[in-house]
$ cat structure.txt   # compact mmCIF, C-alpha atoms and all ligand atoms
# COMPACT_ATOMS: atom_id res chain seq x y z
CA MET S 1 -1.87 -11.65 2.34
CA TYR S 2 0.84 -13.94 3.68
CA PRO S 3 0.24 -15.57 7.04
CA ARG S 4 2.45 -13.96 9.66
CA GLY S 5 3.84 -15.45 12.83
CA ARG S 6 3.64 -18.99 11.58
CA GLU S 7 6.02 -21.54 13.04
CA ILE S 8 8.02 -23.41 10.45
CA VAL S 9 10.46 -26.25 11.00
CA LEU S 10 13.16 -25.98 8.34
CA GLY S 11 14.77 -29.41 8.07
CA VAL S 12 18.13 -29.27 6.29
CA SER S 13 19.54 -32.54 4.99
CA GLY S 14 23.04 -33.21 3.73
CA GLY S 15 23.40 -31.77 0.25
CA ILE S 16 25.73 -29.12 -1.11
CA SER S 17 22.75 -26.83 -1.78
CA ALA S 18 22.21 -26.53 2.00
CA TYR S 19 23.78 -23.07 1.63
CA LYS S 20 20.81 -22.00 -0.53
CA SER S 21 18.52 -22.65 2.42
CA CYS S 22 20.24 -19.72 4.21
CA ASP S 23 18.66 -17.41 1.62
CA LEU S 24 15.37 -19.28 1.87
CA LEU S 25 15.36 -18.81 5.64
CA ARG S 26 15.89 -15.06 5.22
CA ARG S 27 13.05 -14.81 2.69
CA LEU S 28 10.70 -16.64 5.01
CA GLN S 29 11.65 -14.40 7.92
CA ASP S 30 10.94 -11.35 5.75
CA LEU S 31 7.41 -12.68 5.37
CA GLY S 32 7.03 -13.00 9.13
CA PHE S 33 7.60 -16.71 9.55
CA LEU S 34 9.32 -17.98 12.68
CA ILE S 35 11.87 -20.63 11.81
CA THR S 36 13.36 -23.44 13.82
CA VAL S 37 16.14 -25.08 11.85
CA ILE S 38 16.78 -28.80 12.35
CA PRO S 39 19.90 -29.80 10.42
CA THR S 40 20.79 -33.44 9.98
CA ARG S 41 24.22 -34.48 11.17
CA SER S 42 25.61 -34.84 7.63
CA SER S 43 24.26 -31.42 6.56
CA LEU S 44 26.50 -29.79 9.17
CA ASN S 45 29.42 -30.67 6.88
CA PHE S 46 28.02 -28.09 4.45
CA VAL S 47 26.55 -25.38 6.71
CA GLY S 48 27.53 -25.27 10.37
CA LEU S 49 25.46 -24.90 13.51
CA SER S 50 26.60 -21.32 14.20
CA THR S 51 25.33 -20.13 10.82
CA TRP S 52 21.87 -21.54 11.49
CA GLU S 53 21.80 -20.17 15.03
CA ALA S 54 22.83 -16.70 13.90
CA LEU S 55 20.43 -16.61 10.95
CA SER S 56 17.39 -18.03 12.73
CA GLY S 57 18.05 -16.20 16.01
CA ARG S 58 17.03 -19.37 17.81
CA PRO S 59 18.73 -22.38 19.38
CA VAL S 60 19.25 -25.09 16.76
CA PRO S 61 18.40 -28.56 18.03
CA THR S 62 20.27 -31.41 16.37
CA GLU S 63 20.04 -34.36 18.75
CA LEU S 64 17.21 -36.51 19.98
CA TRP S 65 19.16 -37.11 23.17
CA ASN S 66 19.49 -33.51 24.37
CA ASN S 67 16.91 -32.17 26.88
CA VAL S 68 15.15 -35.52 26.85
CA HIS S 69 12.87 -34.46 29.71
CA GLN S 70 11.28 -31.96 27.31
CA VAL S 71 10.59 -34.74 24.75
CA PRO S 72 11.96 -32.42 22.04
CA HIS S 73 10.69 -34.28 18.96
CA ILE S 74 7.10 -34.11 20.17
CA ALA S 75 7.38 -30.49 21.32
CA LEU S 76 8.87 -29.44 17.97
CA ALA S 77 6.25 -31.40 16.03
CA LYS S 78 3.43 -29.77 18.03
CA GLN S 79 4.80 -26.27 17.66
CA ALA S 80 5.15 -26.38 13.85
CA ASP S 81 2.52 -25.16 11.39
CA ALA S 82 4.47 -26.74 8.54
CA ILE S 83 7.68 -28.66 7.98
CA LEU S 84 9.88 -27.77 5.04
CA VAL S 85 12.79 -30.05 4.19
CA ALA S 86 15.22 -28.08 2.01
CA PRO S 87 17.36 -29.40 0.55
CA ALA S 88 15.84 -32.87 0.71
CA THR S 89 18.27 -35.64 -0.17
CA ALA S 90 17.21 -38.95 -1.71
CA ASP S 91 18.17 -40.47 1.65
CA ILE S 92 15.80 -38.41 3.79
CA MET S 93 12.89 -38.93 1.39
CA ALA S 94 13.56 -42.69 1.46
CA LYS S 95 13.59 -42.63 5.26
CA VAL S 96 10.33 -40.70 5.55
CA ALA S 97 8.69 -42.84 2.87
CA THR S 98 9.45 -45.97 4.88
CA GLY S 99 8.78 -44.43 8.30
CA ILE S 100 12.36 -44.57 9.54
CA ALA S 101 13.05 -42.22 12.46
CA ASP S 102 16.70 -42.43 13.45
CA ASP S 103 17.54 -38.80 14.20
CA LEU S 104 15.81 -35.68 15.48
CA LEU S 105 14.48 -34.45 12.12
CA THR S 106 12.97 -37.78 11.07
CA ASN S 107 11.43 -38.19 14.54
CA VAL S 108 9.84 -34.73 14.32
CA ILE S 109 8.49 -35.57 10.86
CA LEU S 110 7.06 -38.89 12.02
CA ALA S 111 5.41 -37.27 15.04
CA SER S 112 3.85 -34.44 13.03
CA THR S 113 0.53 -34.11 11.23
CA VAL S 114 1.11 -30.68 9.65
CA PRO S 115 1.88 -30.06 5.95
CA LEU S 116 5.22 -31.52 4.93
CA ILE S 117 7.05 -30.11 1.92
CA PHE S 118 10.20 -31.58 0.39
CA VAL S 119 12.56 -29.58 -1.80
CA PRO S 120 14.71 -32.25 -3.47
CA ALA S 121 18.14 -31.25 -4.76
CA MET S 122 20.61 -33.83 -6.01
CA HIS S 123 22.41 -35.09 -9.07
CA SER S 124 20.11 -36.09 -11.97
CA GLU S 125 20.90 -39.78 -11.76
CA MET S 126 19.97 -39.87 -8.08
CA TRP S 127 16.72 -37.94 -8.68
CA LEU S 128 15.73 -40.09 -11.68
CA ASN S 129 16.70 -43.35 -9.96
CA SER S 130 13.61 -45.54 -9.83
CA ALA S 131 13.98 -45.97 -6.05
CA THR S 132 13.89 -42.17 -5.53
CA GLN S 133 10.99 -41.75 -7.95
CA ALA S 134 9.03 -44.52 -6.19
CA ASN S 135 9.63 -42.81 -2.84
CA VAL S 136 8.51 -39.45 -4.26
CA GLN S 137 5.31 -41.06 -5.57
CA LEU S 138 4.68 -42.66 -2.19
CA LEU S 139 5.22 -39.37 -0.34
CA ARG S 140 2.86 -37.56 -2.73
CA SER S 141 0.22 -40.26 -2.43
CA ARG S 142 0.21 -39.58 1.31
CA GLY S 143 -0.52 -35.92 0.66
CA HIS S 144 3.02 -34.60 1.20
CA LEU S 145 4.30 -32.05 -1.28
CA VAL S 146 7.45 -32.75 -3.24
CA ILE S 147 8.52 -29.78 -5.35
CA GLU S 148 10.02 -30.68 -8.74
CA PRO S 149 13.73 -29.77 -8.86
CA ASP S 150 14.88 -27.33 -11.53
CA SER S 151 17.07 -28.25 -14.48
CA GLY S 152 20.43 -26.67 -15.21
CA LYS S 153 24.06 -26.84 -14.18
CA LEU S 154 24.74 -29.24 -11.30
CA THR S 155 27.59 -29.20 -8.78
CA SER S 156 29.50 -31.92 -10.64
CA GLY S 157 29.54 -29.71 -13.75
CA ASP S 158 26.93 -31.88 -15.46
CA VAL S 159 23.73 -30.34 -16.76
CA GLY S 160 20.38 -31.90 -15.93
CA VAL S 161 17.43 -32.05 -13.59
CA GLY S 162 18.10 -31.90 -9.85
CA ARG S 163 18.85 -28.26 -9.02
CA TYR S 164 17.54 -26.63 -5.88
CA PRO S 165 14.61 -24.54 -7.15
CA ASP S 166 14.34 -20.80 -6.93
CA SER S 167 13.45 -19.66 -3.38
CA SER S 168 10.32 -17.92 -4.70
CA LYS S 169 8.94 -21.26 -5.89
CA ILE S 170 9.42 -22.74 -2.41
CA VAL S 171 7.94 -19.69 -0.66
CA ASP S 172 4.98 -19.81 -3.06
CA CYS S 173 4.34 -23.47 -2.28
CA LEU S 174 4.61 -22.97 1.49
CA THR S 175 2.37 -19.91 1.65
CA THR S 176 -0.25 -21.52 -0.56
CA THR S 177 -0.26 -24.58 1.62
CA LEU S 178 -0.60 -22.54 4.80
CA GLN S 179 -3.34 -20.34 3.40
CA SER S 180 -5.42 -23.45 2.98
CA ARG S 181 -8.23 -23.23 5.42
CA ALA S 182 -10.96 -25.74 6.11
CA ASP S 183 -13.43 -23.53 4.22
CA LEU S 184 -14.68 -26.43 2.10
CA ARG S 185 -15.51 -28.68 5.04
CA GLY S 186 -18.87 -30.35 4.45
CA ARG S 187 -18.75 -29.51 0.73
CA SER S 188 -18.56 -32.03 -2.04
CA VAL S 189 -16.24 -31.23 -4.96
CA LEU S 190 -16.33 -33.18 -8.21
CA ILE S 191 -13.30 -32.75 -10.50
CA SER S 192 -12.52 -34.16 -13.95
CA THR S 193 -8.95 -34.35 -15.17
CA GLY S 194 -6.60 -35.87 -17.74
CA GLY S 195 -7.30 -36.46 -21.40
CA THR S 196 -9.83 -38.92 -22.73
CA ARG S 197 -8.75 -41.51 -25.29
CA GLU S 198 -11.02 -42.82 -28.00
CA ALA S 199 -9.85 -46.13 -29.43
CA ILE S 200 -9.52 -46.50 -33.20
CA ASP S 201 -8.25 -50.06 -33.09
CA PRO S 202 -6.43 -52.13 -30.42
CA VAL S 203 -3.24 -50.03 -30.76
CA ARG S 204 -4.34 -46.52 -31.78
CA PHE S 205 -6.49 -43.85 -30.24
CA ILE S 206 -7.58 -40.24 -30.61
CA GLY S 207 -6.17 -38.41 -27.60
CA ASN S 208 -4.47 -35.25 -26.41
CA ASN S 209 -1.54 -33.89 -24.43
CA SER S 210 -3.21 -33.32 -21.07
CA SER S 211 -1.19 -34.74 -18.15
CA GLY S 212 -3.93 -34.30 -15.55
CA ARG S 213 -1.66 -32.35 -13.18
CA GLN S 214 -4.01 -29.38 -12.87
CA GLY S 215 -6.92 -31.59 -11.83
CA TYR S 216 -4.76 -33.43 -9.30
CA ALA S 217 -3.56 -30.08 -7.93
CA LEU S 218 -7.20 -29.04 -7.54
CA ALA S 219 -7.98 -32.29 -5.78
CA TYR S 220 -4.99 -31.82 -3.41
CA ALA S 221 -6.05 -28.26 -2.64
CA ALA S 222 -9.75 -29.10 -2.18
CA VAL S 223 -9.10 -32.04 0.13
CA ALA S 224 -6.65 -29.92 2.17
CA ARG S 225 -9.46 -27.38 2.60
CA GLY S 226 -11.72 -30.05 4.05
CA ALA S 227 -13.82 -30.97 1.01
CA GLN S 228 -15.04 -34.41 0.13
CA VAL S 229 -13.43 -34.85 -3.28
CA THR S 230 -14.23 -37.14 -6.19
CA LEU S 231 -11.72 -37.06 -9.01
CA VAL S 232 -12.63 -38.55 -12.37
CA ALA S 233 -9.24 -39.10 -13.99
CA ALA S 234 -8.70 -40.03 -17.62
CA ASN S 235 -5.36 -41.66 -18.46
CA CYS S 236 -3.17 -39.92 -15.88
CA GLU S 237 0.15 -41.30 -14.70
CA ILE S 238 -0.17 -39.80 -11.23
CA ALA S 239 -0.63 -41.75 -8.00
CA ASP S 240 -4.04 -41.54 -6.32
CA ILE S 241 -4.26 -39.01 -3.50
CA GLU S 242 -5.06 -40.38 -0.07
CA GLY S 243 -8.50 -39.16 1.01
CA VAL S 244 -9.68 -38.48 -2.56
CA LYS S 245 -12.09 -40.88 -4.26
CA THR S 246 -10.51 -41.39 -7.68
CA VAL S 247 -12.51 -42.94 -10.51
CA HIS S 248 -10.28 -43.93 -13.43
CA VAL S 249 -11.80 -43.74 -16.89
CA THR S 250 -10.52 -43.94 -20.46
CA THR S 251 -13.12 -42.47 -22.84
CA ALA S 252 -15.33 -39.39 -22.93
CA LEU S 253 -18.47 -41.52 -22.55
CA GLU S 254 -17.02 -43.24 -19.47
CA MET S 255 -16.08 -39.85 -18.05
CA GLN S 256 -19.58 -38.54 -18.68
CA ALA S 257 -21.16 -41.55 -16.93
CA ALA S 258 -18.87 -41.20 -13.90
CA LEU S 259 -19.52 -37.45 -13.62
CA GLU S 260 -23.27 -37.86 -14.03
CA SER S 261 -23.45 -40.39 -11.24
CA HIS S 262 -21.72 -37.98 -8.81
CA PHE S 263 -23.23 -34.73 -10.08
CA GLU S 264 -26.39 -34.45 -8.01
CA SER S 265 -24.61 -34.61 -4.64
CA ALA S 266 -21.84 -32.18 -5.71
CA ASP S 267 -21.65 -28.57 -4.55
CA VAL S 268 -18.82 -27.72 -6.93
CA VAL S 269 -17.93 -29.23 -10.31
CA ILE S 270 -14.57 -28.46 -11.90
CA MET S 271 -13.99 -29.60 -15.47
CA ALA S 272 -10.21 -29.65 -15.86
CA ALA S 273 -10.26 -32.60 -18.27
CA ALA S 274 -9.41 -32.32 -21.93
CA VAL S 275 -12.25 -34.23 -23.52
CA ALA S 276 -11.70 -35.59 -27.02
CA ASP S 277 -14.25 -33.81 -29.19
CA VAL S 278 -14.83 -36.82 -31.41
CA ARG S 279 -14.52 -40.58 -31.32
CA PRO S 280 -14.20 -43.08 -34.18
CA SER S 281 -17.66 -44.14 -35.38
CA VAL S 282 -16.56 -47.75 -35.27
CA PHE S 283 -13.93 -49.54 -33.24
CA ASN S 284 -11.89 -51.89 -35.37
CA SER S 285 -11.24 -54.98 -33.30
CA THR S 286 -8.12 -55.76 -35.37
CA LYS S 287 -5.26 -53.40 -36.16
CA ILE S 288 -5.97 -51.39 -39.30
CA ALA S 289 -3.24 -51.75 -41.94
CA LYS S 290 -1.60 -48.41 -42.76
CA GLU S 291 -2.75 -48.62 -46.40
CA ASP S 292 -6.34 -48.45 -45.13
CA LEU S 293 -5.67 -45.50 -42.83
CA SER S 294 -6.37 -42.56 -45.11
CA ALA S 295 -9.43 -41.41 -43.13
CA ILE S 296 -11.07 -42.28 -39.81
CA PRO S 297 -14.83 -41.71 -39.75
CA VAL S 298 -15.77 -40.02 -36.46
CA VAL S 299 -18.84 -39.00 -34.46
CA LYS S 300 -19.01 -36.10 -32.03
CA ASN S 301 -18.63 -36.76 -28.34
CA PRO S 302 -21.17 -35.10 -26.06
CA ASP S 303 -20.23 -31.76 -24.52
CA ILE S 304 -20.13 -33.13 -20.98
CA THR S 305 -20.13 -29.74 -19.28
CA LYS S 306 -23.11 -28.50 -21.30
CA GLU S 307 -25.05 -31.65 -20.50
CA LEU S 308 -24.24 -31.36 -16.78
CA SER S 309 -25.19 -27.65 -16.76
CA ARG S 310 -28.65 -28.60 -18.05
CA ARG S 311 -29.19 -30.67 -14.88
CA LYS S 312 -27.69 -28.04 -12.60
CA SER S 313 -29.48 -27.12 -9.36
CA SER S 314 -27.14 -25.11 -7.13
CA GLN S 315 -23.76 -26.47 -8.29
CA ILE S 316 -20.95 -24.00 -8.90
CA MET S 317 -19.46 -24.93 -12.27
CA VAL S 318 -15.86 -24.22 -13.27
CA GLY S 319 -14.35 -24.90 -16.69
CA PHE S 320 -11.01 -24.59 -18.42
CA ALA S 321 -10.42 -23.06 -21.82
CA ALA S 322 -7.07 -23.91 -23.33
CA GLN S 323 -6.78 -21.76 -26.46
CA THR S 324 -4.24 -21.14 -29.19
CA ALA S 325 -5.66 -17.78 -30.30
CA GLU S 326 -3.94 -15.18 -32.52
CA SER S 327 -4.06 -12.63 -29.73
CA ARG S 328 -4.75 -12.50 -26.02
CA ALA S 329 -7.93 -10.46 -26.59
CA GLU S 330 -9.21 -13.09 -29.00
CA GLY S 331 -8.34 -15.87 -26.53
CA LEU S 332 -10.20 -14.11 -23.73
CA ALA S 333 -13.24 -13.57 -25.96
CA LEU S 334 -13.26 -17.27 -26.92
CA ALA S 335 -12.98 -18.31 -23.26
CA SER S 336 -15.78 -15.94 -22.28
CA ALA S 337 -18.03 -17.29 -25.04
CA LYS S 338 -17.33 -20.85 -23.86
CA MET S 339 -18.27 -19.87 -20.30
CA LYS S 340 -21.67 -18.61 -21.48
CA ASP S 341 -22.30 -21.46 -23.87
CA LYS S 342 -21.47 -24.12 -21.27
CA GLY S 343 -23.31 -22.49 -18.36
CA LEU S 344 -20.13 -22.00 -16.28
CA ASP S 345 -19.68 -19.71 -13.28
CA LEU S 346 -15.91 -19.47 -13.77
CA VAL S 347 -13.51 -20.29 -16.54
CA TYR S 348 -9.72 -20.38 -16.52
CA PHE S 349 -8.26 -19.24 -19.80
CA ASN S 350 -4.73 -20.16 -20.75
CA ASP S 351 -2.77 -19.91 -23.92
CA VAL S 352 -1.39 -23.31 -24.87
CA SER S 353 0.34 -22.30 -28.10
CA GLY S 354 3.41 -24.45 -28.71
CA GLY S 355 2.41 -27.02 -26.08
CA ALA S 356 3.17 -24.63 -23.19
CA ILE S 357 1.74 -25.68 -19.79
CA PHE S 358 0.99 -29.35 -20.60
CA GLY S 359 2.97 -31.62 -18.29
CA SER S 360 4.42 -28.70 -16.33
CA ASP S 361 3.98 -27.84 -12.64
CA LYS S 362 3.42 -24.23 -13.59
CA THR S 363 0.70 -22.35 -15.40
CA ALA S 364 -0.22 -18.80 -16.36
CA GLY S 365 -3.57 -17.40 -17.48
CA VAL S 366 -6.69 -15.50 -16.48
CA ILE S 367 -9.71 -16.49 -14.41
CA LEU S 368 -12.97 -15.07 -15.81
CA THR S 369 -16.25 -15.06 -13.91
CA ALA S 370 -19.81 -15.06 -15.25
CA THR S 371 -20.32 -11.80 -13.37
CA GLY S 372 -17.64 -10.10 -15.48
CA ASP S 373 -14.63 -10.10 -13.13
CA THR S 374 -11.16 -11.06 -14.35
CA TYR S 375 -8.22 -12.21 -12.26
CA GLU S 376 -4.75 -12.43 -13.77
CA PHE S 377 -2.75 -15.48 -12.78
CA ASN S 378 0.86 -14.68 -13.54
CA SER S 379 3.12 -17.69 -13.77
CA GLY S 380 2.80 -19.85 -10.65
CA LEU S 381 2.37 -23.42 -9.49
CA LYS S 382 -0.74 -25.31 -10.56
CA VAL S 383 -1.55 -25.89 -6.88
CA THR S 384 -1.45 -22.10 -6.35
CA LEU S 385 -3.91 -21.61 -9.20
CA ALA S 386 -6.04 -24.37 -7.68
CA ASN S 387 -6.27 -22.43 -4.43
CA ARG S 388 -7.10 -19.16 -6.25
CA ILE S 389 -9.95 -20.91 -8.05
CA LEU S 390 -11.18 -22.45 -4.79
CA ASP S 391 -11.06 -19.01 -3.09
CA LEU S 392 -13.47 -17.70 -5.74
CA VAL S 393 -15.61 -20.82 -5.48
CA CYS S 394 -15.84 -20.34 -1.69
CA ASP S 395 -16.98 -16.73 -2.18
CA LYS S 396 -19.64 -17.97 -4.57
CA LEU S 397 -20.78 -20.65 -2.13
CA SER S 398 -21.07 -18.03 0.64
CA TYR S 399 -22.77 -15.37 -1.52
CA PRO S 400 -24.55 -17.33 -4.25
CA ASN S 401 -26.44 -14.28 -5.59
CA ASP S 402 -23.41 -12.04 -6.09
N1 LIG N 501 -15.51 -30.04 -22.29
C1 LIG N 501 -16.53 -30.93 -22.05
N2 LIG N 501 -16.92 -31.81 -23.02
C2 LIG N 501 -16.34 -31.80 -24.23
C3 LIG N 501 -15.30 -30.86 -24.48
C4 LIG N 501 -14.91 -30.01 -23.50
O1 LIG N 501 -17.07 -30.95 -20.94
N3 LIG N 501 -16.74 -32.66 -25.15
C5 LIG N 501 -15.13 -29.09 -21.21
C6 LIG N 501 -13.67 -29.14 -20.79
O2 LIG N 501 -13.48 -30.02 -19.71
C7 LIG N 501 -13.38 -27.69 -20.42
C8 LIG N 501 -14.32 -26.89 -21.30
O3 LIG N 501 -15.34 -27.79 -21.71
O4 LIG N 501 -13.71 -27.41 -19.08
C9 LIG N 501 -13.66 -26.27 -22.49
O5 LIG N 501 -12.97 -27.27 -23.22
P1 LIG N 501 -12.31 -26.97 -24.62
O6 LIG N 501 -11.67 -28.23 -25.15
O7 LIG N 501 -11.47 -25.75 -24.52
O8 LIG N 501 -13.59 -26.58 -25.46
P2 LIG N 501 -14.42 -27.27 -26.59
O9 LIG N 501 -15.86 -27.16 -26.20
O10 LIG N 501 -13.92 -28.64 -26.89
O11 LIG N 501 -14.20 -26.28 -27.78
P3 LIG N 501 -13.03 -26.26 -28.92
O12 LIG N 501 -12.35 -27.59 -28.89
O13 LIG N 501 -13.78 -26.00 -30.17
O14 LIG N 501 -12.13 -25.12 -28.53

$ encode --input "structure.txt" --output "structure tokens"
Amino acid sequence: MYPRGREIVLGVSGGISAYKSCDLLRRLQDLGFLITVIPTRSSLNFVGLSTWEALSGRPVPTELWNNVHQVPHIALAKQADAILVAPATADIMAKVATGIADDLLTNVILASTVPLIFVPAMHSEMWLNSATQANVQLLRSRGHLVIEPDSGKLTSGDVGVGRYPDSSKIVDCLTTTLQSRADLRGRSVLISTGGTREAIDPVRFIGNNSSGRQGYALAYAAVARGAQVTLVAANCEIADIEGVKTVHVTTALEMQAALESHFESADVVIMAAAVADVRPSVFNSTKIAKEDLSAIPVVKNPDITKELSRRKSSQIMVGFAAQTAESRAEGLALASAKMKDKGLDLVYFNDVSGGAIFGSDKTAGVILTATGDTYEFNSGLKVTLANRILDLVCDKLSYPND
């Protein structure tokens, strides 16, 4: 299932966790990847040239000014199927975010158009610094992948976010990215995400915990597979994705209007949004005093998916069912009933008891299809789930009567 014989540039920047990339390199080789390591000058203080040469079995270029006649930065950029920067320091992300190219690795990155994945590892303060976070946002908005660092014990002895993630997480991200084919070229994908908010008064609203990450991961994956993507996002704190038309909405009714206006031209509709089931019957234009807040009269919001299904021609419809059932069997039954009731072709069921999954990069659950198939999704990145869902959608688009 993993792509073999793919050329990867492994950029190593100057952090203590550079030694962990030795294990990563081995894991990637086991999967059949061919690795060219490009260490930055400062990273050689942590892991030396000979180690990289011995492990990769290849020459390790470090300088822009060696073999100039071969124009090495362009040759390396052309040869790569993906560039993985692990560990990625705050410095290298800042350089790439601003387009600085002052060594071989940054020149290769600037000259390349292939998927670029950063694996940040640094002390918490450096990761959480607003300059680093702004650079991460900028890199993501350009379609580059920045894996969230793990939390735990750091080199200084402190505990916090900033640890080099488990190699399997990095391998997962890389293989998912490379599996992306242009199988959605010419297709139009409409995605809803986030959580709608229904105002009670100028300061309060009825809302939910959805971060919108799953919908953004779907949009990333769909656009990488060549689709034309419209994302209707409710109250998400995530930067827009380059190449994705993002419509920002607040309420369920606004979301419904935006989805309806894009529905007819869509081939695929994915409802990842958490829609508030009710809204206050009246909006109080002034803040309600707490003494008067014993009850809030509400009216039901429309079931957007059900309404869209009624107008369906050939659209493939995908829904999400976040349940807090007593048992897994009960959760699956509820998700299956929702799929039928809402006219969906696929539904992703996940157990959200105790707030699990919201706001995380990871998810676990089961994909159910209207034709009775089930696919387990054991814990993995939301972007990996996104690609699994899109694989099934592509099958459905190719064989609509199956
Ligand atoms: N959904 C929708 N319109 C609503 C509520 C939900 O389109 N008013 C969609 C969601 O985007 C999701 C699916 O329906 O794809 C299931 O959402 P969920 O909140 O689990 O289901 P509900 O119908 O709200 O049922 P309940 O809250 O009773 O579990």

$ residues_near_ligand --input "structure.txt" --ligand "ligand LIG 501 (chain N)" --cutoff "7 Å" --atoms "only C-alpha atoms and all ligand atoms" --output "PyMOL selection string"
chain S and resi 271-277+301-306+318-323+338

$ residues_around --input "structure.txt" --residues "Asp373 in chain S" --least-positions-apart "2" --cutoff "12 Å" --atoms "only C-alpha atoms" --output "ChimeraX atom specification"
/S:336,345-348,366-371,375-376,392,402

$ closest_residue --input "structure.txt" --among "S:His123, S:Lys312, S:Arg185, S:His73" --to "Thr155 in chain S" --atoms "all atoms listed in the file"
S:His123

$ residues_near_point --input "structure.txt" --point "(15.8, -28.7, 12.2)" --cutoff "12 Å" --atoms "all atoms listed in the file" --output "number ranges by chain"
S: 8-13, 21, 25, 35-41, 43-44, 49, 52-53, 56, 58-64, 72-73, 76-77, 80, 83-87, 103-109

$ closest_residue --input "structure.txt" --among "S:Ser124, S:Thr230, S:Ser353, S:Ser265" --to "Val161 in chain S" --atoms "all atoms listed in the file"
S:Ser124

$ closest_residue --input "structure.txt" --among "S:Val189, S:Leu308, S:Leu145, S:Val68" --to "Ala257 in chain S" --atoms "all atoms listed in the file"
S:Leu308

$ atom_distance --input "structure.txt" --atom1 "CA of Ala88 in chain S" --atom2 "CA of Pro149 in chain S"
10.3 Å

$ closest_residue --input "structure.txt" --among "S:Pro202, S:Gly186, S:Gly380, S:Gly157" --to "Asp267 in chain S" --atoms "only C-alpha atoms"
S:Gly186

$ residues_around --input "structure.txt" --residues "Asp166 in chain S" --least-positions-apart "6" --cutoff "10 Å" --atoms "all atoms listed in the file" --output "ChimeraX atom specification"
/S:20,24,149-150

$ closest_residue --input "structure.txt" --among "S:Asn378, S:Thr98, S:Gln79, S:Ser112" --to "Ala131 in chain S" --atoms "all atoms listed in the file"
S:Thr98

$ closest_residue --input "structure.txt" --among "S:Ile92, S:Val298, S:Ile74, S:Ala121" --to "Ile206 in chain S" --atoms "only C-alpha atoms"
S:Val298

$ atom_distance --input "structure.txt" --atom1 "CA of Ser167 in chain S" --atom2 "CA of Arg27 in chain S"
7.8 Å

$ atom_distance --input "structure.txt" --atom1 "CA of Lys245 in chain S" --atom2 "CA of Val223 in chain S"
10.3 Å
